[in-house]
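Let me begin by presenting the structure, written as structure tokens, before commenting on it.
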Amino acid sequence: MACSLDNDKLSSRLGRIALLAKRHLQSERQDGQTLQLQYASAATDELRSIVELERQCCPFLVFDLKEAHGAIELAITAPTDAGTSVATIFDHFRGAIADQPTRSCAGSGCGCAA
């Protein structure tokens, strides 16, 4: 179970996901291996785009997207054998790790863009 994106594309994708969460995420709830997210309806087009891309690079996740109650809801379900890695995946969608430095400078984690 691994994302198929290279580091540059992964960093860009995670940036899009974090920005979406920052701007439009209204609520989140986790039930076992499923994360339920609710976004403002203004996020619909961007969220649809991200979900389509995520389905390609992370086929081990199940994405269920629907419009309801003037908002857009996304359920992400990870396989039962995902172990602890599911927490990191979900944290990206929650926007919980958006401010952490990216791994660059030969993996030092300093966050510089060199």
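We name chains A, B, ... following the order of the structure tokens; residues begin at 1 in each chain, and ligands are numbered from 1 as shown.
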>> Residues near stretch 88-94 of chain A, anyone? I mean within 8 Å using only C-alpha atoms, not counting same-chain ones fewer than 2 positions away, as a list of chain:residue names.
In response: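 The neighbour list is A:Leu14, A:Ile17, A:Ala18, A:Ala21, A:Leu25, A:Glu28, A:Leu35, A:Leu37, A:Thr84, A:Ser85, A:Val86, A:Ala96, A:Ile97, A:Ala98.
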Which residues are near A:His69? Cut-off 12 Å, only C-alpha atoms, ignore same chain within fewer than 6 positions. Put them as a PDB file with N, CA and C atoms, in the first residue's frame.
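Contents of the output file selection-v2.pdb:
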ATOM      1  N   GLN A  38     -16.874  16.948   5.724  1.00  0.00           N
ATOM      2  CA  GLN A  38     -17.892  17.807   5.129  1.00  0.00           C
ATOM      3  C   GLN A  38     -17.247  19.136   4.769  1.00  0.00           C
ATOM      4  N   TYR A  39     -17.441  19.541   3.514  1.00  0.00           N
ATOM      5  CA  TYR A  39     -16.874  20.781   2.986  1.00  0.00           C
ATOM      6  C   TYR A  39     -17.993  21.717   2.566  1.00  0.00           C
ATOM      7  N   ALA A  40     -17.694  23.009   2.541  1.00  0.00           N
ATOM      8  CA  ALA A  40     -18.627  23.992   1.993  1.00  0.00           C
ATOM      9  C   ALA A  40     -18.844  23.677   0.520  1.00  0.00           C
ATOM     10  N   SER A  41     -20.026  23.979   0.030  1.00  0.00           N
ATOM     11  CA  SER A  41     -20.350  23.661  -1.362  1.00  0.00           C
ATOM     12  C   SER A  41     -19.437  24.384  -2.352  1.00  0.00           C
TER      13      SER A  41
END
> What is the atom CA of A:Leu20 to atom CA of A:Leu53 distance in Å?
Replying inline: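 Separating atom CA of A:Leu20 from atom CA of A:Leu53 is a distance of 14.3 Å.
The gap separating atom CA of A:Thr44 from atom CA of A:Ala75 is 14.0 Å, in Å to one decimal.
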>> Neighbouring residues of A:Asp81 were defined as those with any atom within 12 Å, considering only C-alpha atoms; residues of the same chain fewer than 2 positions away were excluded. Please report them as a PyMOL selection string.
In response: chain A and resi 1+32-33+60-61+77-79+83-86
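The space between atom CA of A:Glu54 and atom CA of A:Gly70 spans 23.8 Å.
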>> DSSP on the backbone, strand (DSSP E) only: what residues of stretch 22-89 of chain A does that give? Format it as a PyMOL selection string.
In response: chain A and resi 25-31+34-40+62-68+71-77
Residues of stretch 24-97 of chain A in alpha helix (DSSP H) according to DSSP, as a PDB file with N, CA and C atoms, in the first residue's frame?
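Heads up, here's the output in part-v4.pdb:
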ATOM      1  N   HIS A  24     -12.205  25.269   3.217  1.00  0.00           N
ATOM      2  CA  HIS A  24     -13.584  24.804   3.092  1.00  0.00           C
ATOM      3  C   HIS A  24     -14.024  23.685   4.029  1.00  0.00           C
ATOM      4  N   THR A  44     -16.804  22.216  -4.203  1.00  0.00           N
ATOM      5  CA  THR A  44     -17.235  21.073  -5.003  1.00  0.00           C
ATOM      6  C   THR A  44     -16.315  20.764  -6.173  1.00  0.00           C
ATOM      7  N   ASP A  45     -16.021  21.734  -7.020  1.00  0.00           N
ATOM      8  CA  ASP A  45     -15.202  21.468  -8.207  1.00  0.00           C
ATOM      9  C   ASP A  45     -13.793  21.022  -7.837  1.00  0.00           C
ATOM     10  N   GLU A  46     -13.163  21.718  -6.896  1.00  0.00           N
ATOM     11  CA  GLU A  46     -11.805  21.367  -6.485  1.00  0.00           C
ATOM     12  C   GLU A  46     -11.778  19.993  -5.822  1.00  0.00           C
ATOM     13  N   LEU A  47     -12.751  19.713  -4.994  1.00  0.00           N
ATOM     14  CA  LEU A  47     -12.799  18.421  -4.320  1.00  0.00           C
ATOM     15  C   LEU A  47     -13.001  17.288  -5.322  1.00  0.00           C
ATOM     16  N   ARG A  48     -13.871  17.483  -6.286  1.00  0.00           N
ATOM     17  CA  ARG A  48     -14.073  16.462  -7.325  1.00  0.00           C
ATOM     18  C   ARG A  48     -12.762  16.199  -8.079  1.00  0.00           C
ATOM     19  N   SER A  49     -12.049  17.247  -8.406  1.00  0.00           N
ATOM     20  CA  SER A  49     -10.772  17.114  -9.109  1.00  0.00           C
ATOM     21  C   SER A  49      -9.758  16.332  -8.277  1.00  0.00           C
ATOM     22  N   ILE A  50      -9.626  16.686  -7.009  1.00  0.00           N
ATOM     23  CA  ILE A  50      -8.684  16.006  -6.121  1.00  0.00           C
ATOM     24  C   ILE A  50      -9.061  14.538  -5.954  1.00  0.00           C
ATOM     25  N   VAL A  51     -10.326  14.257  -5.777  1.00  0.00           N
ATOM     26  CA  VAL A  51     -10.766  12.870  -5.585  1.00  0.00           C
ATOM     27  C   VAL A  51     -10.443  12.037  -6.822  1.00  0.00           C
ATOM     28  N   GLU A  52     -10.675  12.570  -8.007  1.00  0.00           N
ATOM     29  CA  GLU A  52     -10.352  11.823  -9.228  1.00  0.00           C
ATOM     30  C   GLU A  52      -8.858  11.525  -9.307  1.00  0.00           C
ATOM     31  N   LEU A  53      -8.039  12.481  -8.955  1.00  0.00           N
ATOM     32  CA  LEU A  53      -6.591  12.272  -8.957  1.00  0.00           C
ATOM     33  C   LEU A  53      -6.173  11.265  -7.896  1.00  0.00           C
ATOM     34  N   GLU A  54      -6.777  11.356  -6.726  1.00  0.00           N
ATOM     35  CA  GLU A  54      -6.442  10.432  -5.643  1.00  0.00           C
ATOM     36  C   GLU A  54      -6.848   8.992  -5.974  1.00  0.00           C
ATOM     37  N   ARG A  55      -7.932   8.839  -6.668  1.00  0.00           N
ATOM     38  CA  ARG A  55      -8.360   7.493  -7.069  1.00  0.00           C
ATOM     39  C   ARG A  55      -7.326   6.833  -7.975  1.00  0.00           C
ATOM     40  N   GLN A  56      -6.615   7.626  -8.747  1.00  0.00           N
ATOM     41  CA  GLN A  56      -5.595   7.094  -9.649  1.00  0.00           C
ATOM     42  C   GLN A  56      -4.312   6.717  -8.918  1.00  0.00           C
ATOM     43  N   CYS A  57      -3.877   7.550  -7.988  1.00  0.00           N
ATOM     44  CA  CYS A  57      -2.584   7.301  -7.342  1.00  0.00           C
ATOM     45  C   CYS A  57      -2.688   6.446  -6.086  1.00  0.00           C
ATOM     46  N   SER A  85      -0.653   3.600   9.090  1.00  0.00           N
ATOM     47  CA  SER A  85      -0.469   4.549   7.998  1.00  0.00           C
ATOM     48  C   SER A  85      -1.762   5.279   7.656  1.00  0.00           C
ATOM     49  N   VAL A  86      -2.896   4.708   8.001  1.00  0.00           N
ATOM     50  CA  VAL A  86      -4.169   5.362   7.718  1.00  0.00           C
ATOM     51  C   VAL A  86      -4.278   6.687   8.464  1.00  0.00           C
ATOM     52  N   ALA A  87      -3.709   6.800   9.630  1.00  0.00           N
ATOM     53  CA  ALA A  87      -3.762   8.046  10.395  1.00  0.00           C
ATOM     54  C   ALA A  87      -3.087   9.182   9.636  1.00  0.00           C
ATOM     55  N   THR A  88      -1.953   8.911   9.021  1.00  0.00           N
ATOM     56  CA  THR A  88      -1.243   9.936   8.260  1.00  0.00           C
ATOM     57  C   THR A  88      -2.039  10.342   7.035  1.00  0.00           C
ATOM     58  N   ILE A  89      -2.578   9.369   6.332  1.00  0.00           N
ATOM     59  CA  ILE A  89      -3.394   9.664   5.154  1.00  0.00           C
ATOM     60  C   ILE A  89      -4.569  10.549   5.548  1.00  0.00           C
ATOM     61  N   PHE A  90      -5.267  10.179   6.590  1.00  0.00           N
ATOM     62  CA  PHE A  90      -6.426  10.948   7.029  1.00  0.00           C
ATOM     63  C   PHE A  90      -6.026  12.333   7.515  1.00  0.00           C
ATOM     64  N   ASP A  91      -4.904  12.448   8.202  1.00  0.00           N
ATOM     65  CA  ASP A  91      -4.466  13.743   8.699  1.00  0.00           C
ATOM     66  C   ASP A  91      -4.251  14.745   7.572  1.00  0.00           C
ATOM     67  N   HIS A  92      -3.790  14.280   6.424  1.00  0.00           N
ATOM     68  CA  HIS A  92      -3.628  15.185   5.284  1.00  0.00           C
ATOM     69  C   HIS A  92      -4.975  15.778   4.886  1.00  0.00           C
ATOM     70  N   PHE A  93      -5.997  14.960   4.808  1.00  0.00           N
ATOM     71  CA  PHE A  93      -7.315  15.453   4.414  1.00  0.00           C
ATOM     72  C   PHE A  93      -7.949  16.328   5.479  1.00  0.00           C
ATOM     73  N   ARG A  94      -7.582  16.115   6.733  1.00  0.00           N
ATOM     74  CA  ARG A  94      -8.077  16.965   7.818  1.00  0.00           C
ATOM     75  C   ARG A  94      -7.377  18.321   7.824  1.00  0.00           C
TER      76      ARG A  94
END
